[in-house]
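One file, my_file09.pdb, is given below (PDB, C-alpha atoms).
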MODEL        1
ATOM      1  CA  MET A 321     -27.647  19.359  -5.143
ATOM      2  CA  ALA A 322     -31.328  18.432  -5.116
ATOM      3  CA  ASP A 323     -32.135  22.065  -4.601
ATOM      4  CA  VAL A 324     -30.330  23.160  -7.753
ATOM      5  CA  PHE A 325     -31.863  20.309  -9.743
ATOM      6  CA  ASP A 326     -35.372  21.219  -8.614
ATOM      7  CA  ARG A 327     -34.919  24.872  -9.494
ATOM      8  CA  VAL A 328     -33.497  23.983 -12.894
ATOM      9  CA  LYS A 329     -36.322  21.488 -13.460
ATOM     10  CA  ASP A 330     -38.972  24.080 -12.690
ATOM     11  CA  MET A 331     -37.409  26.478 -15.169
ATOM     12  CA  ILE A 332     -37.269  23.841 -17.885
ATOM     13  CA  VAL A 333     -40.857  22.726 -17.362
ATOM     14  CA  ASP A 334     -41.951  26.321 -17.496
ATOM     15  CA  ARG A 335     -39.833  27.354 -20.466
ATOM     16  CA  LEU A 336     -40.099  24.258 -22.667
ATOM     17  CA  ASP A 337     -43.574  23.213 -21.632
ATOM     18  CA  VAL A 338     -42.630  19.566 -21.020
ATOM     19  CA  GLU A 339     -43.808  16.902 -18.513
ATOM     20  CA  GLU A 340     -41.959  17.103 -15.214
ATOM     21  CA  SER A 341     -41.178  13.379 -15.380
ATOM     22  CA  LYS A 342     -39.212  13.872 -18.601
ATOM     23  CA  VAL A 343     -36.759  16.226 -16.919
ATOM     24  CA  THR A 344     -34.075  13.886 -15.583
ATOM     25  CA  MET A 345     -30.343  14.484 -15.101
ATOM     26  CA  GLU A 346     -29.672  12.442 -18.251
ATOM     27  CA  ALA A 347     -32.253  14.210 -20.437
ATOM     28  CA  SER A 348     -30.782  15.968 -23.471
ATOM     29  CA  PHE A 349     -32.289  19.374 -24.155
ATOM     30  CA  LYS A 350     -32.402  18.889 -27.885
ATOM     31  CA  ASP A 351     -33.136  15.141 -28.133
ATOM     32  CA  ASP A 352     -35.397  14.486 -25.161
ATOM     33  CA  LEU A 353     -36.909  17.867 -24.321
ATOM     34  CA  GLU A 354     -37.543  19.119 -27.835
ATOM     35  CA  ALA A 355     -35.583  22.328 -27.370
ATOM     36  CA  ASP A 356     -34.108  24.064 -30.394
ATOM     37  CA  SER A 357     -30.749  25.863 -30.291
ATOM     38  CA  LEU A 358     -32.361  29.188 -29.443
ATOM     39  CA  ASP A 359     -34.297  27.589 -26.545
ATOM     40  CA  VAL A 360     -31.015  26.370 -25.078
ATOM     41  CA  VAL A 361     -29.464  29.838 -25.411
ATOM     42  CA  GLU A 362     -32.473  31.327 -23.638
ATOM     43  CA  LEU A 363     -32.381  28.696 -20.927
ATOM     44  CA  VAL A 364     -28.737  29.470 -20.239
ATOM     45  CA  MET A 365     -29.662  33.169 -19.990
ATOM     46  CA  GLU A 366     -32.348  32.304 -17.462
ATOM     47  CA  LEU A 367     -29.975  30.135 -15.469
ATOM     48  CA  GLU A 368     -27.593  33.093 -15.312
ATOM     49  CA  ASP A 369     -30.329  35.290 -13.907
ATOM     50  CA  GLU A 370     -31.767  32.654 -11.570
ATOM     51  CA  PHE A 371     -28.393  31.719 -10.073
ATOM     52  CA  ASP A 372     -26.838  35.162 -10.410
ATOM     53  CA  MET A 373     -23.812  34.063 -12.413
ATOM     54  CA  GLU A 374     -22.274  34.497 -15.832
ATOM     55  CA  ILE A 375     -21.785  31.484 -18.054
ATOM     56  CA  ALA A 376     -19.160  32.073 -20.753
ATOM     57  CA  ASP A 377     -20.138  31.178 -24.320
ATOM     58  CA  GLU A 378     -17.533  28.391 -24.440
ATOM     59  CA  GLU A 379     -19.004  26.843 -21.300
ATOM     60  CA  ALA A 380     -22.575  27.325 -22.438
ATOM     61  CA  GLU A 381     -21.846  25.379 -25.611
ATOM     62  CA  LYS A 382     -20.944  22.319 -23.522
ATOM     63  CA  ILE A 383     -24.336  22.238 -21.814
ATOM     64  CA  ASN A 384     -26.294  19.532 -23.613
ATOM     65  CA  THR A 385     -28.157  17.730 -20.837
ATOM     66  CA  VAL A 386     -29.985  18.794 -17.699
ATOM     67  CA  GLY A 387     -27.157  17.161 -15.727
ATOM     68  CA  ASP A 388     -24.556  19.318 -17.531
ATOM     69  CA  ALA A 389     -26.373  22.440 -16.378
ATOM     70  CA  VAL A 390     -26.909  21.248 -12.798
ATOM     71  CA  ASN A 391     -23.308  20.070 -12.420
ATOM     72  CA  TYR A 392     -21.971  23.307 -13.869
ATOM     73  CA  ILE A 393     -23.975  25.384 -11.413
ATOM     74  CA  ASN A 394     -22.985  23.156  -8.480
ATOM     75  CA  ASN A 395     -19.302  23.438  -9.416
ATOM     76  CA  ILE A 396     -19.439  27.217  -9.598
ATOM     77  CA  LYS A 397     -21.584  27.690  -6.525
ATOM     78  CA  GLY A 398     -19.572  25.070  -4.608
TER      79      GLY A 398
ATOM     80  CA  MET B 901     -47.203  55.776 -32.541
ATOM     81  CA  LEU B 902     -44.232  54.961 -30.309
ATOM     82  CA  ASN B 903     -45.586  56.159 -26.992
ATOM     83  CA  GLY B 904     -43.730  54.672 -24.050
ATOM     84  CA  LYS B 905     -41.238  52.797 -26.235
ATOM     85  CA  ASN B 906     -37.554  52.950 -25.368
ATOM     86  CA  ALA B 907     -35.027  53.280 -28.160
ATOM     87  CA  LEU B 908     -31.278  53.318 -28.627
ATOM     88  CA  VAL B 909     -29.830  54.983 -31.725
ATOM     89  CA  THR B 910     -26.116  54.509 -32.432
ATOM     90  CA  GLY B 911     -24.171  57.363 -34.011
ATOM     91  CA  ALA B 912     -26.973  59.741 -33.137
ATOM     92  CA  SER B 913     -25.045  62.970 -32.603
ATOM     93  CA  ARG B 914     -25.445  64.157 -36.196
ATOM     94  CA  GLY B 915     -26.673  63.466 -39.720
ATOM     95  CA  ILE B 916     -29.130  60.653 -40.306
ATOM     96  CA  GLY B 917     -28.718  59.253 -36.768
ATOM     97  CA  ARG B 918     -29.674  62.585 -35.251
ATOM     98  CA  ALA B 919     -32.747  62.836 -37.488
ATOM     99  CA  ILE B 920     -33.792  59.299 -36.511
ATOM    100  CA  ALA B 921     -33.419  60.021 -32.794
ATOM    101  CA  LEU B 922     -35.532  63.187 -33.112
ATOM    102  CA  GLU B 923     -38.189  61.475 -35.231
ATOM    103  CA  LEU B 924     -38.573  58.544 -32.797
ATOM    104  CA  ALA B 925     -38.899  61.037 -29.948
ATOM    105  CA  LYS B 926     -41.421  63.098 -31.882
ATOM    106  CA  GLN B 927     -43.587  59.980 -32.128
ATOM    107  CA  GLY B 928     -43.387  59.355 -28.395
ATOM    108  CA  ALA B 929     -40.261  57.283 -27.777
ATOM    109  CA  ASN B 930     -37.604  57.833 -25.131
ATOM    110  CA  VAL B 931     -34.206  57.792 -26.775
ATOM    111  CA  ALA B 932     -30.687  56.928 -25.696
ATOM    112  CA  ILE B 933     -28.214  58.836 -27.864
ATOM    113  CA  ASN B 934     -25.048  56.883 -28.556
ATOM    114  CA  TYR B 935     -22.006  58.779 -29.798
ATOM    115  CA  SER B 936     -18.356  58.001 -30.212
ATOM    116  CA  GLY B 937     -16.525  61.323 -30.025
ATOM    117  CA  ASN B 938     -18.791  64.332 -30.235
ATOM    118  CA  GLU B 939     -20.249  64.697 -26.744
ATOM    119  CA  ALA B 940     -21.442  68.276 -27.174
ATOM    120  CA  LYS B 941     -23.470  67.502 -30.285
ATOM    121  CA  ALA B 942     -24.910  64.341 -28.707
ATOM    122  CA  GLN B 943     -25.917  66.356 -25.656
ATOM    123  CA  ALA B 944     -27.639  68.921 -27.888
ATOM    124  CA  VAL B 945     -29.750  66.142 -29.443
ATOM    125  CA  ALA B 946     -30.654  64.837 -25.984
ATOM    126  CA  GLU B 947     -31.693  68.335 -24.864
ATOM    127  CA  GLU B 948     -33.876  68.761 -27.938
ATOM    128  CA  ILE B 949     -35.641  65.482 -27.117
ATOM    129  CA  LYS B 950     -36.140  66.414 -23.481
ATOM    130  CA  GLN B 951     -37.828  69.607 -24.636
ATOM    131  CA  MET B 952     -40.385  67.390 -26.379
ATOM    132  CA  GLY B 953     -41.170  65.877 -22.988
ATOM    133  CA  ARG B 954     -39.454  62.536 -23.555
ATOM    134  CA  GLU B 955     -36.601  60.976 -21.692
ATOM    135  CA  ALA B 956     -33.186  61.163 -23.301
ATOM    136  CA  PHE B 957     -29.587  60.675 -22.272
ATOM    137  CA  ILE B 958     -26.256  60.307 -24.015
ATOM    138  CA  VAL B 959     -24.091  57.214 -23.840
ATOM    139  CA  GLN B 960     -20.556  57.006 -25.226
ATOM    140  CA  ALA B 961     -19.428  53.744 -26.812
ATOM    141  CA  ASP B 962     -17.304  52.463 -29.655
ATOM    142  CA  VAL B 963     -19.738  50.132 -31.418
ATOM    143  CA  ALA B 964     -16.883  47.977 -32.709
ATOM    144  CA  SER B 965     -15.885  47.051 -29.158
ATOM    145  CA  GLU B 966     -17.930  44.328 -27.483
ATOM    146  CA  THR B 967     -16.905  45.392 -23.973
ATOM    147  CA  SER B 968     -17.822  48.979 -24.678
ATOM    148  CA  VAL B 969     -21.194  47.970 -26.164
ATOM    149  CA  LYS B 970     -22.041  45.619 -23.289
ATOM    150  CA  ASP B 971     -21.513  48.468 -20.832
ATOM    151  CA  MET B 972     -23.689  50.717 -22.981
ATOM    152  CA  MET B 973     -26.543  48.159 -23.055
ATOM    153  CA  LYS B 974     -26.377  47.732 -19.287
ATOM    154  CA  GLU B 975     -26.621  51.461 -18.810
ATOM    155  CA  VAL B 976     -29.503  51.851 -21.256
ATOM    156  CA  VAL B 977     -31.509  48.978 -19.752
ATOM    157  CA  SER B 978     -30.904  50.217 -16.210
ATOM    158  CA  GLN B 979     -32.006  53.753 -17.136
ATOM    159  CA  PHE B 980     -35.034  52.774 -19.216
ATOM    160  CA  GLY B 981     -35.966  49.417 -17.650
ATOM    161  CA  SER B 982     -36.480  47.914 -21.105
ATOM    162  CA  LEU B 983     -35.306  48.388 -24.672
ATOM    163  CA  ASP B 984     -37.830  48.122 -27.490
ATOM    164  CA  ILE B 985     -36.003  49.635 -30.447
ATOM    165  CA  LEU B 986     -32.386  49.478 -31.584
ATOM    166  CA  VAL B 987     -31.282  51.530 -34.580
ATOM    167  CA  ASN B 988     -27.821  50.549 -35.809
ATOM    168  CA  ASN B 989     -26.786  53.725 -37.544
ATOM    169  CA  ALA B 990     -23.180  54.422 -36.526
ATOM    170  CA  GLY B 991     -20.917  54.486 -39.551
ATOM    171  CA  ILE B 992     -17.734  55.961 -40.970
ATOM    172  CA  THR B 993     -16.153  56.320 -44.414
ATOM    173  CA  ARG B 994     -12.537  55.936 -45.518
ATOM    174  CA  ASP B 995     -12.970  56.266 -49.287
ATOM    175  CA  ASN B 996     -10.200  55.271 -51.646
ATOM    176  CA  LEU B 997      -9.744  53.353 -54.862
ATOM    177  CA  LEU B 998      -9.290  49.663 -54.259
ATOM    178  CA  MET B 999      -5.733  49.803 -55.588
ATOM    179  CA  ARG B1000      -4.851  52.534 -53.124
ATOM    180  CA  MET B1001      -6.919  51.397 -50.156
ATOM    181  CA  LYS B1002      -4.840  50.556 -47.114
ATOM    182  CA  GLU B1003      -5.587  47.502 -45.023
ATOM    183  CA  THR B1004      -6.277  49.769 -42.055
ATOM    184  CA  GLU B1005      -8.827  51.772 -44.066
ATOM    185  CA  PHE B1006     -10.613  48.561 -44.968
ATOM    186  CA  ASP B1007     -10.530  47.199 -41.415
ATOM    187  CA  GLU B1008     -11.708  50.405 -39.742
ATOM    188  CA  VAL B1009     -14.791  50.666 -41.921
ATOM    189  CA  ILE B1010     -15.658  46.962 -41.595
ATOM    190  CA  ASN B1011     -15.200  47.132 -37.825
ATOM    191  CA  THR B1012     -17.476  50.104 -37.246
ATOM    192  CA  ASN B1013     -20.038  49.635 -40.020
ATOM    193  CA  LEU B1014     -20.428  45.856 -40.057
ATOM    194  CA  LYS B1015     -18.978  44.351 -36.896
ATOM    195  CA  GLY B1016     -20.582  47.191 -34.947
ATOM    196  CA  VAL B1017     -24.021  46.066 -36.113
ATOM    197  CA  PHE B1018     -23.246  42.484 -35.107
ATOM    198  CA  VAL B1019     -21.951  43.483 -31.674
ATOM    199  CA  CYS B1020     -24.861  45.823 -30.888
ATOM    200  CA  THR B1021     -27.450  43.354 -32.164
ATOM    201  CA  LYS B1022     -25.979  40.531 -30.118
ATOM    202  CA  ALA B1023     -25.910  42.677 -27.004
ATOM    203  CA  VAL B1024     -29.510  43.836 -27.344
ATOM    204  CA  THR B1025     -30.896  40.418 -28.226
ATOM    205  CA  ARG B1026     -30.683  39.159 -24.669
ATOM    206  CA  GLN B1027     -33.005  41.899 -23.471
ATOM    207  CA  MET B1028     -35.378  41.622 -26.420
ATOM    208  CA  MET B1029     -35.630  37.826 -26.131
ATOM    209  CA  LYS B1030     -36.640  38.194 -22.511
ATOM    210  CA  GLN B1031     -39.252  40.763 -23.485
ATOM    211  CA  ARG B1032     -40.465  38.564 -26.331
ATOM    212  CA  SER B1033     -40.524  41.644 -28.551
ATOM    213  CA  GLY B1034     -38.199  44.075 -30.218
ATOM    214  CA  LYS B1035     -37.493  46.093 -33.331
ATOM    215  CA  ILE B1036     -34.060  46.352 -34.847
ATOM    216  CA  VAL B1037     -33.488  48.692 -37.782
ATOM    217  CA  ASN B1038     -30.116  48.705 -39.521
ATOM    218  CA  VAL B1039     -29.003  51.652 -41.588
ATOM    219  CA  ALA B1040     -27.346  50.123 -44.658
ATOM    220  CA  SER B1041     -26.829  52.032 -47.901
ATOM    221  CA  ILE B1042     -27.952  51.841 -51.487
ATOM    222  CA  VAL B1043     -24.312  51.350 -52.507
ATOM    223  CA  GLY B1044     -24.423  48.044 -50.621
ATOM    224  CA  ILE B1045     -26.748  46.911 -53.416
ATOM    225  CA  SER B1046     -25.383  48.798 -56.422
ATOM    226  CA  GLY B1047     -21.657  49.023 -55.620
ATOM    227  CA  ASN B1048     -19.748  52.308 -55.826
ATOM    228  CA  PRO B1049     -16.240  53.040 -57.100
ATOM    229  CA  GLY B1050     -13.932  54.312 -54.370
ATOM    230  CA  GLN B1051     -15.880  52.666 -51.572
ATOM    231  CA  ALA B1052     -14.851  48.998 -51.570
ATOM    232  CA  ASN B1053     -14.703  48.948 -47.768
ATOM    233  CA  TYR B1054     -17.958  50.850 -47.213
ATOM    234  CA  VAL B1055     -19.860  48.884 -49.856
ATOM    235  CA  ALA B1056     -18.607  45.540 -48.509
ATOM    236  CA  ALA B1057     -19.690  46.542 -45.003
ATOM    237  CA  LYS B1058     -23.118  47.778 -46.092
ATOM    238  CA  ALA B1059     -23.778  44.695 -48.243
ATOM    239  CA  GLY B1060     -22.745  42.698 -45.182
ATOM    240  CA  VAL B1061     -25.273  44.574 -43.066
ATOM    241  CA  ILE B1062     -28.048  43.608 -45.494
ATOM    242  CA  GLY B1063     -27.087  39.919 -45.223
ATOM    243  CA  LEU B1064     -26.784  40.197 -41.455
ATOM    244  CA  THR B1065     -30.242  41.759 -41.339
ATOM    245  CA  LYS B1066     -31.761  38.764 -43.145
ATOM    246  CA  THR B1067     -30.043  36.182 -40.971
ATOM    247  CA  THR B1068     -30.854  37.967 -37.737
ATOM    248  CA  ALA B1069     -34.454  38.324 -38.866
ATOM    249  CA  LYS B1070     -34.688  34.560 -39.428
ATOM    250  CA  GLU B1071     -32.981  33.641 -36.164
ATOM    251  CA  LEU B1072     -35.087  35.926 -34.002
ATOM    252  CA  ALA B1073     -38.470  35.785 -35.727
ATOM    253  CA  SER B1074     -39.764  33.103 -33.353
ATOM    254  CA  ARG B1075     -39.135  35.477 -30.456
ATOM    255  CA  ASN B1076     -41.137  38.283 -32.029
ATOM    256  CA  ILE B1077     -38.081  40.375 -32.803
ATOM    257  CA  HIS B1078     -38.268  42.119 -36.169
ATOM    258  CA  VAL B1079     -35.112  43.082 -38.012
ATOM    259  CA  ASN B1080     -35.111  45.280 -41.096
ATOM    260  CA  ALA B1081     -32.757  47.576 -42.934
ATOM    261  CA  VAL B1082     -33.027  50.842 -44.799
ATOM    262  CA  ALA B1083     -30.784  51.640 -47.734
ATOM    263  CA  PRO B1084     -30.502  55.416 -48.142
ATOM    264  CA  GLY B1085     -29.259  56.841 -51.435
ATOM    265  CA  PHE B1086     -27.842  60.357 -51.659
ATOM    266  CA  ILE B1087     -28.962  62.133 -48.525
ATOM    267  CA  SER B1088     -28.048  65.699 -47.760
ATOM    268  CA  THR B1089     -25.529  65.443 -44.868
ATOM    269  CA  ASP B1090     -21.949  66.450 -44.082
ATOM    270  CA  MET B1091     -20.897  63.529 -46.283
ATOM    271  CA  THR B1092     -22.634  64.913 -49.396
ATOM    272  CA  ASP B1093     -21.917  68.585 -48.587
ATOM    273  CA  ALA B1094     -18.277  67.790 -49.312
ATOM    274  CA  LEU B1095     -19.043  67.106 -52.994
ATOM    275  CA  THR B1096     -18.237  69.579 -55.783
ATOM    276  CA  GLU B1097     -21.046  71.137 -57.824
ATOM    277  CA  GLU B1098     -20.097  68.969 -60.787
ATOM    278  CA  GLN B1099     -20.321  65.784 -58.714
ATOM    279  CA  HIS B1100     -23.574  67.025 -57.296
ATOM    280  CA  ASN B1101     -25.095  67.529 -60.749
ATOM    281  CA  GLN B1102     -23.885  64.137 -61.926
ATOM    282  CA  MET B1103     -25.631  62.568 -58.966
ATOM    283  CA  LEU B1104     -28.918  64.267 -59.731
ATOM    284  CA  GLN B1105     -28.949  62.767 -63.221
ATOM    285  CA  MET B1106     -29.071  59.284 -61.679
ATOM    286  CA  ILE B1107     -32.058  60.038 -59.456
ATOM    287  CA  PRO B1108     -35.533  59.755 -61.044
ATOM    288  CA  LEU B1109     -37.005  62.078 -58.385
ATOM    289  CA  GLU B1110     -34.308  64.619 -59.319
ATOM    290  CA  LYS B1111     -33.328  65.706 -55.834
ATOM    291  CA  LEU B1112     -31.269  64.649 -52.850
ATOM    292  CA  GLY B1113     -33.024  63.078 -49.899
ATOM    293  CA  GLU B1114     -33.150  64.719 -46.483
ATOM    294  CA  PRO B1115     -32.174  62.922 -43.254
ATOM    295  CA  GLU B1116     -35.862  63.167 -42.273
ATOM    296  CA  ASP B1117     -36.837  61.084 -45.324
ATOM    297  CA  VAL B1118     -34.794  58.261 -43.877
ATOM    298  CA  ALA B1119     -35.905  58.883 -40.308
ATOM    299  CA  LYS B1120     -39.590  58.546 -41.172
ATOM    300  CA  VAL B1121     -39.097  55.114 -42.729
ATOM    301  CA  VAL B1122     -37.028  53.979 -39.739
ATOM    302  CA  ARG B1123     -39.799  55.199 -37.458
ATOM    303  CA  PHE B1124     -42.321  53.145 -39.470
ATOM    304  CA  LEU B1125     -40.165  49.993 -39.301
ATOM    305  CA  ALA B1126     -39.720  50.529 -35.556
ATOM    306  CA  SER B1127     -43.462  50.782 -34.994
ATOM    307  CA  ASP B1128     -46.213  48.186 -34.645
ATOM    308  CA  ASP B1129     -47.460  49.263 -38.081
ATOM    309  CA  ALA B1130     -44.617  47.174 -39.502
ATOM    310  CA  ASN B1131     -45.379  44.014 -37.516
ATOM    311  CA  TYR B1132     -45.607  41.766 -40.579
ATOM    312  CA  ILE B1133     -42.324  42.973 -42.091
ATOM    313  CA  THR B1134     -38.989  41.395 -41.251
ATOM    314  CA  GLY B1135     -35.689  40.806 -43.043
ATOM    315  CA  GLN B1136     -36.371  43.523 -45.614
ATOM    316  CA  THR B1137     -34.224  46.317 -46.963
ATOM    317  CA  ILE B1138     -36.194  49.420 -47.945
ATOM    318  CA  HIS B1139     -34.557  51.673 -50.523
ATOM    319  CA  ILE B1140     -34.827  55.382 -49.739
ATOM    320  CA  ASP B1141     -33.107  56.774 -52.777
ATOM    321  CA  GLY B1142     -35.531  58.711 -54.979
ATOM    322  CA  GLY B1143     -35.800  55.699 -57.264
ATOM    323  CA  MET B1144     -32.098  55.512 -58.083
ATOM    324  CA  VAL B1145     -31.817  51.729 -57.704
ATOM    325  CA  MET B1146     -34.801  49.575 -58.570
TER     326      MET B1146
ENDMDL
END
Starting from the file, give its structure as structure tokens.
Amino acid sequence: MADVFDRVKDMIVDRLDVEESKVTMEASFKDDLEADSLDVVELVMELEDEFDMEIADEEAEKINTVGDAVNYINNIKG
Amino acid sequence: MLNGKNALVTGASRGIGRAIALELAKQGANVAINYSGNEAKAQAVAEEIKQMGREAFIVQADVASETSVKDMMKEVVSQFGSLDILVNNAGITRDNLLMRMKETEFDEVINTNLKGVFVCTKAVTRQMMKQRSGKIVNVASIVGISGNPGQANYVAAKAGVIGLTKTTAKELASRNIHVNAVAPGFISTDMTDALTEEQHNQMLQMIPLEKLGEPEDVAKVVRFLASDDANYITGQTIHIDGGMVM
């Protein structure tokens, strides 16, 4: 769990250029991390590469917070 | 001009697509030749490019099918390692007067000529976003601006491509992906060879430069839009029509 969160956090800090402390499970990509729609699409693409999985468009649209992404990955990866 | 760049041209086995593939290669690009049915002709284009010392290979795909296009993109990226230029050229015609046009004739043309551009663009965007650079050139048509009797389906699709070009250009500009279109007028290809002499002469009267264009006339503009010389141009449609529509 922590492992996935840390990896996701690193990617977000790198991609969105935000303070590490801002990246919490509750943080919303668009409201708290200043990501635009295209940033979120790109982030999902990176998650797919990083965790070697495919996230369907319908699922990707439900990812609004850091927690959504982490939980999704944990569910898939078991 | 395009040394080391990797390009994919759809519908590149003949006509304008073939000329574009050869022109990009002439300027240094490696080219993947997409075709739908004519493998032998596609292979001939690939051979011609290899003789110039560039890499080339053929890849079959129906551009209107997302599954088919996804497989094509995977193959192209795995062969080339990157993809810098996409030319959406594949197109068909099913001409008929509106009153006689069948639903299937309308759908087929929209699927290949308009949806095909959407599907290919979407599929290539992932790679280009990662690279933080890319050039997409869509082959529209002057009739997409002027309209043309007997081509409701084709004109609707080509006008759609021009709108799609503008939207894609706006969506992807922040990622350094440039998207432009060319709008050829009457170009000497199999499509225009089928015209009667009378039709041919009528056409010439509408063209200030008083001649048909050659596929190479289109290819050279596409090559420019695909190059770094066009880095401050995006969302535009360049008319290549001898001045027919201004």
Q: Pull out every residue that the PyMOL selection byres ((chain B and resi 1015-1019) around 8) matches in the shown coordinates and put them as an MDAnalysis selection string.
A: chainID B and resid 963:966 969 988 990 1010:1014 1020:1023 1038 1061 1064
Serialized selection, C-alpha atoms, as a short mmCIF file (atom, residue, chain, number, x, y, z; two decimals), in the coordinates of the input:
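To be explicit, this is the file written out as again-v9.cif:
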data_model
loop_
_atom_site.label_atom_id
_atom_site.label_comp_id
_atom_site.auth_asym_id
_atom_site.auth_seq_id
_atom_site.Cartn_x
_atom_site.Cartn_y
_atom_site.Cartn_z
CA VAL B 963 -19.74 50.13 -31.42
CA ALA B 964 -16.88 47.98 -32.71
CA SER B 965 -15.88 47.05 -29.16
CA GLU B 966 -17.93 44.33 -27.48
CA VAL B 969 -21.19 47.97 -26.16
CA ASN B 988 -27.82 50.55 -35.81
CA ALA B 990 -23.18 54.42 -36.53
CA ILE B 1010 -15.66 46.96 -41.60
CA ASN B 1011 -15.20 47.13 -37.83
CA THR B 1012 -17.48 50.10 -37.25
CA ASN B 1013 -20.04 49.64 -40.02
CA LEU B 1014 -20.43 45.86 -40.06
CA CYS B 1020 -24.86 45.82 -30.89
CA THR B 1021 -27.45 43.35 -32.16
CA LYS B 1022 -25.98 40.53 -30.12
CA ALA B 1023 -25.91 42.68 -27.00
CA ASN B 1038 -30.12 48.70 -39.52
CA VAL B 1061 -25.27 44.57 -43.07
CA LEU B 1064 -26.78 40.20 -41.46
#
Q: Would you list the contacts of Val1039 in chain B as a ChimeraX atom specification, taking every protein, DNA or RNA residue within 8 Å and counting all atoms listed in the file, but skipping same-chain residues closer than 6 positions in sequence?
A: /B:987-989,1081-1084
Q.
Evaluate the PyMOL selection byres ((chain A) within 9 of (chain B)) against this structure - the residues, as a PyMOL selection string, please.
A. chain A and resi 358+362+365-366
Please expand the PyMOL selection byres ((chain B and resi 1049-1060) around 7) into the concrete residues it hits in this file, giving the result as a PDB file with C-alpha atoms, in the frame of the given file.
ATOM      1  CA  THR B 993     -16.153  56.320 -44.414  1.00  0.00           C
ATOM      2  CA  ASP B 995     -12.970  56.266 -49.287  1.00  0.00           C
ATOM      3  CA  ASN B 996     -10.200  55.271 -51.646  1.00  0.00           C
ATOM      4  CA  LEU B 997      -9.744  53.353 -54.862  1.00  0.00           C
ATOM      5  CA  LEU B 998      -9.290  49.663 -54.259  1.00  0.00           C
ATOM      6  CA  PHE B1006     -10.613  48.561 -44.968  1.00  0.00           C
ATOM      7  CA  VAL B1009     -14.791  50.666 -41.921  1.00  0.00           C
ATOM      8  CA  ILE B1010     -15.658  46.962 -41.595  1.00  0.00           C
ATOM      9  CA  ASN B1013     -20.038  49.635 -40.020  1.00  0.00           C
ATOM     10  CA  LEU B1014     -20.428  45.856 -40.057  1.00  0.00           C
ATOM     11  CA  ALA B1040     -27.346  50.123 -44.658  1.00  0.00           C
ATOM     12  CA  SER B1041     -26.829  52.032 -47.901  1.00  0.00           C
ATOM     13  CA  VAL B1043     -24.312  51.350 -52.507  1.00  0.00           C
ATOM     14  CA  GLY B1044     -24.423  48.044 -50.621  1.00  0.00           C
ATOM     15  CA  ILE B1045     -26.748  46.911 -53.416  1.00  0.00           C
ATOM     16  CA  GLY B1047     -21.657  49.023 -55.620  1.00  0.00           C
ATOM     17  CA  ASN B1048     -19.748  52.308 -55.826  1.00  0.00           C
ATOM     18  CA  VAL B1061     -25.273  44.574 -43.066  1.00  0.00           C
ATOM     19  CA  ILE B1062     -28.048  43.608 -45.494  1.00  0.00           C
ATOM     20  CA  GLY B1063     -27.087  39.919 -45.223  1.00  0.00           C
ATOM     21  CA  LEU B1064     -26.784  40.197 -41.455  1.00  0.00           C
TER      22      LEU B1064
END
Residues of range 1057-1142 of chain B that have any atom at most 10 Å from an atom of range 913-920 of chain B: could you tabulate them with the shortest-distance atom pair and the distance in Å to one decimal, using only C-alpha atoms, ordered by chain and increasing number, as CSV?
residue,atom,partner,partner_atom,distance
B:Pro1084,CA,B:Ile916,CA,9.5
B:Ile1087,CA,B:Ile916,CA,8.4
B:Ser1088,CA,B:Gly915,CA,8.5
B:Thr1089,CA,B:Gly915,CA,5.6
B:Asp1090,CA,B:Gly915,CA,7.1
B:Met1091,CA,B:Gly915,CA,8.7
B:Glu1114,CA,B:Ile916,CA,8.4
B:Pro1115,CA,B:Ile916,CA,4.8
B:Glu1116,CA,B:Ala919,CA,5.7
B:Asp1117,CA,B:Ala919,CA,9.0
B:Val1118,CA,B:Ile916,CA,7.1
B:Ala1119,CA,B:Ile920,CA,4.4
B:Lys1120,CA,B:Ile920,CA,7.5
B:Val1121,CA,B:Ile920,CA,9.2
B:Val1122,CA,B:Ile920,CA,7.0
B:Arg1123,CA,B:Ile920,CA,7.3
Export, as an mmCIF file, in the frame of the given file, the selected residues with C-alpha atoms.
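Writing done, so here's result_5.cif:
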data_model
loop_
_atom_site.group_PDB
_atom_site.id
_atom_site.type_symbol
_atom_site.label_atom_id
_atom_site.label_comp_id
_atom_site.auth_asym_id
_atom_site.auth_seq_id
_atom_site.Cartn_x
_atom_site.Cartn_y
_atom_site.Cartn_z
ATOM 1 C CA PRO B 1084 -30.502 55.416 -48.142
ATOM 2 C CA ILE B 1087 -28.962 62.133 -48.525
ATOM 3 C CA SER B 1088 -28.048 65.699 -47.760
ATOM 4 C CA THR B 1089 -25.529 65.443 -44.868
ATOM 5 C CA ASP B 1090 -21.949 66.450 -44.082
ATOM 6 C CA MET B 1091 -20.897 63.529 -46.283
ATOM 7 C CA GLU B 1114 -33.150 64.719 -46.483
ATOM 8 C CA PRO B 1115 -32.174 62.922 -43.254
ATOM 9 C CA GLU B 1116 -35.862 63.167 -42.273
ATOM 10 C CA ASP B 1117 -36.837 61.084 -45.324
ATOM 11 C CA VAL B 1118 -34.794 58.261 -43.877
ATOM 12 C CA ALA B 1119 -35.905 58.883 -40.308
ATOM 13 C CA LYS B 1120 -39.590 58.546 -41.172
ATOM 14 C CA VAL B 1121 -39.097 55.114 -42.729
ATOM 15 C CA VAL B 1122 -37.028 53.979 -39.739
ATOM 16 C CA ARG B 1123 -39.799 55.199 -37.458
#
Q: Would you work out the distance separating CA of Glu947 in chain B from CA of Gly991 in chain B, expressed in Å to one decimal?
A: 22.9 Å
Q: Counting only C-alpha atoms, note down every residue that has an atom within 6 Å of the point (-33.8, 56.8, -50.9) (file coordinates), as a list in words.
A: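 Residues satisfying the cut-off, written out: Pro1084, Gly1085, His1139, Ile1140, Asp1141 and Gly1142 of chain B.
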